[in-house]
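Q: target.txt is the file, holding compact mmCIF, C-alpha atoms:
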```txt
# COMPACT_ATOMS: atom_id res chain seq x y z
CA MET K 1 -29.83 2.86 8.16
CA LEU K 2 -27.24 0.31 7.00
CA LYS K 3 -27.16 1.88 3.52
CA THR K 4 -26.62 5.31 5.06
CA ILE K 5 -23.80 4.03 7.28
CA MET K 6 -22.07 2.35 4.30
CA TYR K 7 -22.12 5.67 2.44
CA ASP K 8 -21.67 8.24 5.23
CA GLY K 9 -20.05 6.05 7.88
CA ILE K 10 -20.96 5.64 11.54
CA PHE K 11 -19.77 9.11 12.47
CA GLY K 12 -21.34 10.65 9.37
CA TYR K 13 -24.65 9.04 10.31
CA PHE K 14 -24.64 10.68 13.73
CA LEU K 15 -23.36 14.00 12.36
CA ALA K 16 -26.43 14.25 10.12
CA GLY K 17 -28.53 15.08 13.16
CA VAL K 18 -26.14 17.61 14.69
CA GLU K 19 -26.01 21.32 13.87
CA LYS K 20 -22.79 22.41 12.16
CA ASN K 21 -20.25 24.48 14.13
CA ASN K 22 -21.77 22.98 17.26
CA GLY K 23 -19.31 21.60 19.85
CA MET K 24 -20.74 18.11 19.45
CA PHE K 25 -20.38 18.36 15.65
CA ILE K 26 -16.71 19.27 15.96
CA LEU K 27 -16.10 16.46 18.45
CA LEU K 28 -17.83 13.80 16.32
CA PHE K 29 -16.06 15.03 13.18
CA ALA K 30 -12.66 14.86 14.89
CA LEU K 31 -13.39 11.39 16.29
CA GLY K 32 -14.46 10.21 12.85
CA VAL K 33 -11.22 11.40 11.26
CA ILE K 34 -9.12 9.92 14.08
CA ALA K 35 -10.86 6.55 13.78
CA SER K 36 -10.33 6.61 10.00
CA ILE K 37 -6.61 7.18 10.63
CA VAL K 38 -5.76 5.02 13.63
CA LEU K 39 -7.61 1.78 12.85
CA PRO K 40 -6.36 1.44 9.23
CA TYR K 41 -2.84 2.41 10.32
CA LEU K 42 -2.77 -0.32 12.97
CA LEU K 43 -4.04 -2.81 10.39
CA GLY K 44 -1.44 -1.70 7.86
CA SER K 45 1.30 -2.16 10.44
CA VAL K 46 0.66 -5.92 10.49
CA ASN K 47 3.37 -7.33 8.21
CA CYS K 48 2.26 -10.42 6.30
CA GLY K 49 5.78 -11.43 5.21
CA ILE K 50 7.08 -11.52 8.77
CA LEU K 51 4.04 -13.42 10.02
CA ILE K 52 4.14 -15.98 7.20
CA SER K 53 7.87 -16.65 7.51
CA ASN K 54 7.48 -17.04 11.27
CA VAL K 55 4.48 -19.39 11.11
CA ALA K 56 5.62 -21.45 8.10
CA TYR K 57 9.36 -21.63 8.79
CA HIS K 58 9.80 -20.40 12.38
CA ASP K 59 12.12 -17.86 10.80
CA ASP K 60 12.31 -14.16 9.97
CA ILE K 61 12.35 -13.14 6.30
CA ARG K 62 14.24 -9.98 7.29
CA LYS K 63 17.38 -12.07 7.93
CA TYR K 64 17.68 -12.96 4.24
CA GLY K 65 18.15 -11.36 0.85
CA SER K 66 17.33 -7.68 0.86
CA GLY K 67 16.30 -7.76 4.52
CA ASN K 68 12.82 -6.57 3.55
CA ALA K 69 9.56 -8.35 4.31
CA GLY K 70 7.76 -7.75 1.03
CA SER K 71 6.64 -10.31 -1.54
CA THR K 72 9.68 -9.76 -3.79
CA ASN K 73 12.10 -10.88 -1.08
CA MET K 74 9.70 -13.68 -0.12
CA LEU K 75 9.81 -14.85 -3.74
CA ARG K 76 13.60 -14.87 -3.81
CA THR K 77 13.89 -16.55 -0.42
CA TYR K 78 10.96 -18.95 -0.04
CA GLY K 79 9.48 -19.24 -3.52
CA LYS K 80 6.30 -18.43 -5.42
CA LYS K 81 3.75 -19.80 -2.95
CA MET K 82 4.99 -17.77 0.01
CA ALA K 83 5.40 -14.69 -2.20
CA ALA K 84 1.82 -15.04 -3.45
CA MET K 85 0.49 -15.40 0.10
CA THR K 86 2.41 -12.30 1.16
CA PHE K 87 1.15 -10.29 -1.80
CA VAL K 88 -2.46 -11.34 -1.22
CA GLY K 89 -2.19 -10.46 2.46
CA ASP K 90 -0.72 -7.02 1.77
CA PHE K 91 -3.26 -6.42 -1.02
CA ALA K 92 -6.12 -7.39 1.32
CA LYS K 93 -4.85 -4.89 3.89
CA GLY K 94 -5.40 -2.08 1.40
CA ILE K 95 -8.93 -3.28 0.74
CA LEU K 96 -9.75 -3.60 4.44
CA GLY K 97 -8.12 -0.26 5.27
CA VAL K 98 -10.45 1.52 2.85
CA LEU K 99 -13.43 -0.47 4.12
CA ILE K 100 -12.68 0.40 7.74
CA GLY K 101 -12.29 4.08 6.86
CA ARG K 102 -15.54 3.96 4.92
CA ILE K 103 -17.44 2.36 7.80
CA MET K 104 -16.00 4.94 10.20
CA PHE K 105 -16.54 8.10 8.14
CA GLY K 106 -18.03 7.28 4.77
CA VAL K 107 -17.06 7.20 1.13
CA MET K 108 -16.25 10.88 0.75
CA ILE K 109 -13.93 11.23 3.74
CA GLY K 110 -13.08 7.97 5.49
CA ALA K 111 -12.35 5.73 2.49
CA TYR K 112 -9.37 7.66 1.10
CA ILE K 113 -8.05 8.59 4.54
CA GLY K 114 -8.27 4.95 5.65
CA GLY K 115 -6.51 3.77 2.52
CA LEU K 116 -3.71 6.32 2.87
CA PHE K 117 -2.97 5.47 6.50
CA CYS K 118 -3.15 1.74 5.85
CA VAL K 119 -0.42 2.24 3.24
CA LEU K 120 1.56 4.38 5.69
CA GLY K 121 1.17 1.63 8.29
CA HIS K 122 2.67 -0.88 5.87
CA ILE K 123 5.62 1.40 5.09
CA PHE K 124 6.14 2.67 8.65
CA PRO K 125 4.74 -0.10 10.91
CA CYS K 126 4.55 0.70 14.59
CA TYR K 127 5.01 -3.01 15.45
CA TYR K 128 8.38 -3.30 13.66
CA ASN K 129 10.29 -0.12 14.59
CA PHE K 130 8.60 1.80 11.74
CA LYS K 131 10.52 -0.12 9.08
CA GLY K 132 8.30 -1.90 6.60
CA GLY K 133 7.85 -2.50 2.88
CA LYS K 134 7.24 -0.08 0.05
CA GLY K 135 3.48 -0.33 -0.03
CA VAL K 136 2.89 -1.37 -3.65
CA ALA K 137 0.50 -4.26 -2.95
CA THR K 138 -1.32 -2.36 -0.20
CA THR K 139 -1.68 0.69 -2.45
CA ALA K 140 -3.09 -1.54 -5.19
CA GLY K 141 -5.74 -2.84 -2.79
CA MET K 142 -6.61 0.71 -1.79
CA ILE K 143 -6.98 1.83 -5.41
CA LEU K 144 -9.21 -1.13 -6.27
CA MET K 145 -11.58 -0.20 -3.42
CA THR K 146 -11.68 3.51 -4.19
CA ASN K 147 -11.67 3.59 -8.02
CA TRP K 148 -11.77 0.32 -9.97
CA LYS K 149 -11.28 2.09 -13.32
CA VAL K 150 -7.95 3.56 -12.25
CA PHE K 151 -6.98 0.19 -10.78
CA LEU K 152 -7.52 -1.64 -14.08
CA VAL K 153 -5.54 0.92 -16.09
CA LEU K 154 -2.65 0.93 -13.60
CA ILE K 155 -2.52 -2.87 -13.50
CA ALA K 156 -2.29 -2.93 -17.31
CA ILE K 157 0.52 -0.34 -17.23
CA PHE K 158 2.37 -2.21 -14.48
CA VAL K 159 2.15 -5.62 -16.17
CA LEU K 160 3.20 -4.21 -19.57
CA LEU K 161 6.22 -2.36 -18.17
CA VAL K 162 7.39 -5.30 -16.04
CA TYR K 163 6.97 -7.62 -19.03
CA MET K 164 9.03 -5.29 -21.23
CA THR K 165 11.79 -4.43 -18.73
CA LYS K 166 11.69 -7.27 -16.14
CA TYR K 167 12.00 -4.53 -13.49
CA ILE K 168 9.20 -4.70 -10.90
CA SER K 169 10.47 -1.44 -9.42
CA PHE K 170 10.17 0.38 -12.77
CA GLY K 171 6.58 -0.76 -13.21
CA SER K 172 5.82 0.28 -9.64
CA VAL K 173 7.35 3.76 -9.97
CA MET K 174 5.59 4.50 -13.26
CA SER K 175 2.28 3.32 -11.77
CA TYR K 176 2.76 5.66 -8.81
CA LEU K 177 3.50 8.56 -11.17
CA MET K 178 0.39 7.84 -13.24
CA TYR K 179 -1.97 7.44 -10.28
CA PRO K 180 -2.95 11.10 -9.60
CA LEU K 181 -3.25 11.86 -13.33
CA LEU K 182 -5.49 8.88 -14.02
CA LEU K 183 -7.62 9.61 -10.96
CA SER K 184 -8.21 13.16 -12.20
CA LYS K 185 -9.35 11.82 -15.59
CA LEU K 186 -11.36 8.80 -14.40
CA ARG K 187 -13.08 10.13 -11.29
CA LEU K 188 -16.14 8.34 -9.97
CA GLU K 189 -19.05 10.00 -8.19
CA THR K 190 -17.68 8.64 -4.92
CA ASP K 191 -14.25 10.21 -5.44
CA PRO K 192 -13.90 13.33 -3.26
CA SER K 193 -11.84 16.31 -4.40
CA MET K 194 -9.27 15.47 -1.72
CA GLY K 195 -8.82 12.08 -3.38
CA ILE K 196 -6.44 13.55 -5.95
CA LEU K 197 -4.44 15.22 -3.17
CA ILE K 198 -4.16 11.91 -1.31
CA ALA K 199 -3.16 10.18 -4.58
CA ALA K 200 -0.42 12.78 -5.02
CA VAL K 201 0.81 12.16 -1.47
CA ILE K 202 0.93 8.40 -2.11
CA MET K 203 2.74 9.02 -5.41
CA CYS K 204 5.43 11.08 -3.68
CA ILE K 205 5.89 8.54 -0.88
CA GLY K 206 5.94 5.61 -3.30
CA VAL K 207 8.55 7.18 -5.58
CA PHE K 208 10.64 8.23 -2.57
CA MET K 209 10.61 4.68 -1.21
CA HIS K 210 11.91 3.46 -4.58
CA ARG K 211 14.70 6.04 -4.81
CA ALA K 212 17.45 3.42 -4.42
CA ASN K 213 15.81 1.22 -7.06
CA ILE K 214 15.63 4.15 -9.48
CA LYS K 215 19.34 4.83 -8.95
CA ARG K 216 20.19 1.17 -9.62
CA ILE K 217 18.06 1.12 -12.78
CA PHE K 218 20.11 3.98 -14.20
CA GLN K 219 23.30 2.22 -13.10
CA GLY K 220 22.17 -1.07 -14.66
CA THR K 221 22.50 -2.94 -11.35
CA GLU K 222 18.83 -3.36 -10.42
CA ASN K 223 17.64 -6.95 -9.90
CA LYS K 224 15.37 -8.22 -12.67
CA LEU K 225 12.29 -10.32 -12.07
CA SER K 226 13.16 -13.97 -11.45
CA PHE K 227 11.13 -16.86 -10.06
CA LYS K 228 14.21 -18.77 -8.92
CA VAL K 229 14.77 -19.19 -5.18
CA LYS K 230 18.12 -17.78 -4.11
CA ASP K 231 20.39 -19.10 -1.39
CA LYS K 232 19.04 -18.07 1.99
CA LYS K 233 21.71 -15.64 3.02
CA PRO K 234 21.78 -11.93 3.68
CA GLU K 235 23.04 -9.77 0.84
CA THR K 236 25.94 -7.41 1.38
CA GLU K 237 25.15 -3.75 1.88
CA GLU K 238 26.19 -3.11 -1.72
CA GLU K 239 23.90 -5.84 -3.02
CA ARG K 240 21.06 -4.87 -0.78
CA GLY K 241 21.02 -1.14 -1.43
CA GLU K 242 18.40 0.60 0.62
CA ASN K 243 15.09 -1.20 1.27
CA ASP K 244 15.62 -3.27 -1.90
CA ASP K 245 12.12 -4.65 -2.18
CA ASN K 246 9.04 -3.59 -4.05
CA THR K 247 6.05 -4.29 -1.85
```
If you convert what's in this file into structure tokens, what do you get?
A:
Amino acid sequence: MLKTIMYDGIFGYFLAGVEKNNGMFILLFALGVIASIVLPYLLGSVNCGILISNVAYHDDIRKYGSGNAGSTNMLRTYGKKMAAMTFVGDFAKGILGVLIGRIMFGVMIGAYIGGLFCVLGHIFPCYYNFKGGKGVATTAGMILMTNWKVFLVLIAIFVLLVYMTKYISFGSVMSYLMYPLLLSKLRLETDPSMGILIAAVIMCIGVFMHRANIKRIFQGTENKLSFKVKDKKPETEEERGENDDNT
């Protein structure tokens, strides 16, 4: 039973004994999809940067630097340790979002839906007026849980590009662009056909969220990777750009 639930999910397990096109089948299917959306979204909406800055410093990371609560701004404001904790927390959300979706509605439906809406929760959190980070770390956690082969290739691409350019945003954007293509080439047996569609949706959202960074890269004004802690002060609108953070 446990093995079946881990593959088909709780709702998939009960659907196995219900005739298709039956009213009960439709109801259970709808509830399974809703659970795979709502629970991961609520999890994704929990912002690790805001929580860490509040607990550790009785402060709000959004008052400083870029005004964003991702690990990049945490690095610039509070240093490597706080940035690492934020990244790990956001990364873990992606893992748990997929796991929750999988438990609700299985590998073939719930896992990718759960991962997608966990990422959307991070970007548009209901707890923080729908203004969050850019979802890079959370997306990475999702990809690891759904297709480890794609994850390893994308990590290699990301690290190489950041090493060469010192632009985290450039590595992030290129990884987003490569995601659907790599998934189509390195599909696992547990990857549903809708997985590529969801990867394409995440790619579009990820690139869109980095639109200001892309503009600054072309202008030569994008911030390069630095492990130095900056003065704790808000940047001007010109310095900040729009959502100038990468996680």
Q: Considering all atoms listed in the file, can you say which of K:Val162, K:Ala137, K:Ala199, K:Val207 comes closest to K:Lys224?
A: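 That would be K:Val162, the residue with the smallest distance to K:Lys224.
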Q: Do you know which residues are at most 8 Å from K:Glu222 counting all atoms listed in the file, after dropping those on the same chain fewer than 3 positions away, and could you put them as a PyMOL selection string?
A: chain K and resi 167+213+216-217+219
Q: Grab the atom CA of K:Arg102 to atom CA of K:Ser175 distance for me, in Å with one decimal place.
A: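 Result for atom CA of K:Arg102 versus atom CA of K:Ser175: 24.4 Å, one decimal.
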Q: Measuring atom to atom with all atoms listed in the file, identify which of K:Lys166, K:Lys215, K:Lys80, K:Lys131 is nearest to K:Ser45.
A: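 Closest to K:Ser45 of all the choices is K:Lys131.
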Q: Expressed in Å to a single decimal, how great is the separation between atom CA of K:Ser172 and atom CA of K:Ser184?
A: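 Pair atom CA of K:Ser172 / atom CA of K:Ser184 returns 19.2 Å.
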Q: Choose the residue, out of K:Gly206, K:Gly106, K:Gly171, K:Gly49, that has the smallest atom-to-atom separation from K:Ile10; count all atoms listed in the file.
A: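 Closest to K:Ile10 of all the choices is K:Gly106.
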Q: How far is it from atom CA of K:Gly65 to atom CA of K:Ala92, in Å with one decimal?
A: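 Those two atoms sit 24.6 Å apart.
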Q: At a cut-off of 9 Å, using only C-alpha atoms, what residues contact K:Val38? Leave out same-chain residues fewer than 6 positions from it and give the result as a VMD selection string.
A: chain K and resid 114 117 to 118
Q: Between K:Phe170, K:Asp90, K:Asp60, K:Thr190, single out the one closest to K:Phe218, counting all atoms listed in the file.
A: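 Ranked by minimum distance to K:Phe218, first place goes to K:Phe170.
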Q: Could you list, as a PyMOL selection string, every residue within 9 Å of K:Arg62, counting all atoms listed in the file and ignoring same-chain residues fewer than 5 positions away?
A: chain K and resi 49-50+67-69+73+234
Q: Tell me which of K:Cys126, K:Leu28, K:Ala140, K:Cys48 sits closest to K:Leu15, counting only C-alpha atoms.
A: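 Nearest candidate to K:Leu15 out of K:Cys126, K:Leu28, K:Ala140, K:Cys48: K:Leu28.
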Q: When you look at K:Leu43 with a cut-off of 8 Å (counting all atoms listed in the file), what residues show up, excluding the ones that are within fewer than 3 positions of it in the same chain? I need them as a PyMOL selection string.
A: chain K and resi 39-40+46+93+97+118+121
Q: Which residue, K:Ile198, K:Ile103, K:Val18, K:Ala84, has the smallest gap to K:Val119 when you use all atoms listed in the file?
A: K:Ile198
Q: Write out N, CA, C and O atoms for stretch 206-224 of chain K, as a JSON list (two decimals), keeping the file's coordinate frame.
A:
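Output saved as part.json:
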```json
[["chain", "number", "residue", "atom", "x", "y", "z"],
["K", 206, "GLY", "N", 5.57, 6.80, -2.57],
["K", 206, "GLY", "CA", 5.94, 5.61, -3.30],
["K", 206, "GLY", "C", 7.22, 5.78, -4.10],
["K", 206, "GLY", "O", 8.10, 4.91, -4.10],
["K", 207, "VAL", "N", 7.35, 6.91, -4.79],
["K", 207, "VAL", "CA", 8.55, 7.18, -5.58],
["K", 207, "VAL", "C", 9.75, 7.34, -4.65],
["K", 207, "VAL", "O", 10.85, 6.84, -4.93],
["K", 208, "PHE", "N", 9.55, 8.04, -3.53],
["K", 208, "PHE", "CA", 10.64, 8.23, -2.57],
["K", 208, "PHE", "C", 11.14, 6.89, -2.03],
["K", 208, "PHE", "O", 12.35, 6.67, -1.90],
["K", 209, "MET", "N", 10.23, 5.98, -1.73],
["K", 209, "MET", "CA", 10.61, 4.68, -1.21],
["K", 209, "MET", "C", 11.37, 3.84, -2.24],
["K", 209, "MET", "O", 12.07, 2.89, -1.88],
["K", 210, "HIS", "N", 11.21, 4.18, -3.51],
["K", 210, "HIS", "CA", 11.91, 3.46, -4.58],
["K", 210, "HIS", "C", 13.16, 4.20, -5.08],
["K", 210, "HIS", "O", 13.70, 3.86, -6.12],
["K", 211, "ARG", "N", 13.61, 5.20, -4.34],
["K", 211, "ARG", "CA", 14.70, 6.04, -4.81],
["K", 211, "ARG", "C", 15.97, 5.23, -5.08],
["K", 211, "ARG", "O", 16.68, 5.49, -6.07],
["K", 212, "ALA", "N", 16.25, 4.24, -4.21],
["K", 212, "ALA", "CA", 17.45, 3.42, -4.42],
["K", 212, "ALA", "C", 17.29, 2.55, -5.65],
["K", 212, "ALA", "O", 18.25, 2.32, -6.40],
["K", 213, "ASN", "N", 16.07, 2.04, -5.87],
["K", 213, "ASN", "CA", 15.81, 1.22, -7.06],
["K", 213, "ASN", "C", 15.99, 2.03, -8.33],
["K", 213, "ASN", "O", 16.55, 1.55, -9.32],
["K", 214, "ILE", "N", 15.50, 3.27, -8.32],
["K", 214, "ILE", "CA", 15.63, 4.15, -9.48],
["K", 214, "ILE", "C", 17.10, 4.38, -9.81],
["K", 214, "ILE", "O", 17.53, 4.32, -10.98],
["K", 215, "LYS", "N", 17.89, 4.62, -8.76],
["K", 215, "LYS", "CA", 19.34, 4.83, -8.95],
["K", 215, "LYS", "C", 19.97, 3.60, -9.58],
["K", 215, "LYS", "O", 20.79, 3.71, -10.51],
["K", 216, "ARG", "N", 19.60, 2.40, -9.10],
["K", 216, "ARG", "CA", 20.19, 1.17, -9.62],
["K", 216, "ARG", "C", 19.73, 0.87, -11.05],
["K", 216, "ARG", "O", 20.48, 0.27, -11.83],
["K", 217, "ILE", "N", 18.52, 1.29, -11.40],
["K", 217, "ILE", "CA", 18.06, 1.12, -12.78],
["K", 217, "ILE", "C", 18.95, 1.91, -13.73],
["K", 217, "ILE", "O", 19.38, 1.40, -14.77],
["K", 218, "PHE", "N", 19.24, 3.14, -13.36],
["K", 218, "PHE", "CA", 20.11, 3.98, -14.20],
["K", 218, "PHE", "C", 21.54, 3.43, -14.23],
["K", 218, "PHE", "O", 22.25, 3.59, -15.23],
["K", 219, "GLN", "N", 21.95, 2.79, -13.15],
["K", 219, "GLN", "CA", 23.30, 2.22, -13.10],
["K", 219, "GLN", "C", 23.38, 0.84, -13.75],
["K", 219, "GLN", "O", 24.46, 0.31, -13.96],
["K", 220, "GLY", "N", 22.21, 0.26, -14.05],
["K", 220, "GLY", "CA", 22.17, -1.07, -14.66],
["K", 220, "GLY", "C", 22.41, -2.19, -13.68],
["K", 220, "GLY", "O", 22.77, -3.30, -14.09],
["K", 221, "THR", "N", 22.23, -1.93, -12.37],
["K", 221, "THR", "CA", 22.50, -2.94, -11.35],
["K", 221, "THR", "C", 21.23, -3.42, -10.63],
["K", 221, "THR", "O", 21.32, -4.22, -9.70],
["K", 222, "GLU", "N", 20.08, -2.95, -11.06],
["K", 222, "GLU", "CA", 18.83, -3.36, -10.42],
["K", 222, "GLU", "C", 18.52, -4.82, -10.72],
["K", 222, "GLU", "O", 18.73, -5.31, -11.83],
["K", 223, "ASN", "N", 18.01, -5.54, -9.71],
["K", 223, "ASN", "CA", 17.64, -6.95, -9.90],
["K", 223, "ASN", "C", 16.44, -7.06, -10.82],
["K", 223, "ASN", "O", 15.45, -6.34, -10.65],
["K", 224, "LYS", "N", 16.50, -7.98, -11.78],
["K", 224, "LYS", "CA", 15.37, -8.22, -12.67],
["K", 224, "LYS", "C", 14.49, -9.32, -12.10],
["K", 224, "LYS", "O", 14.92, -10.10, -11.25]]
```
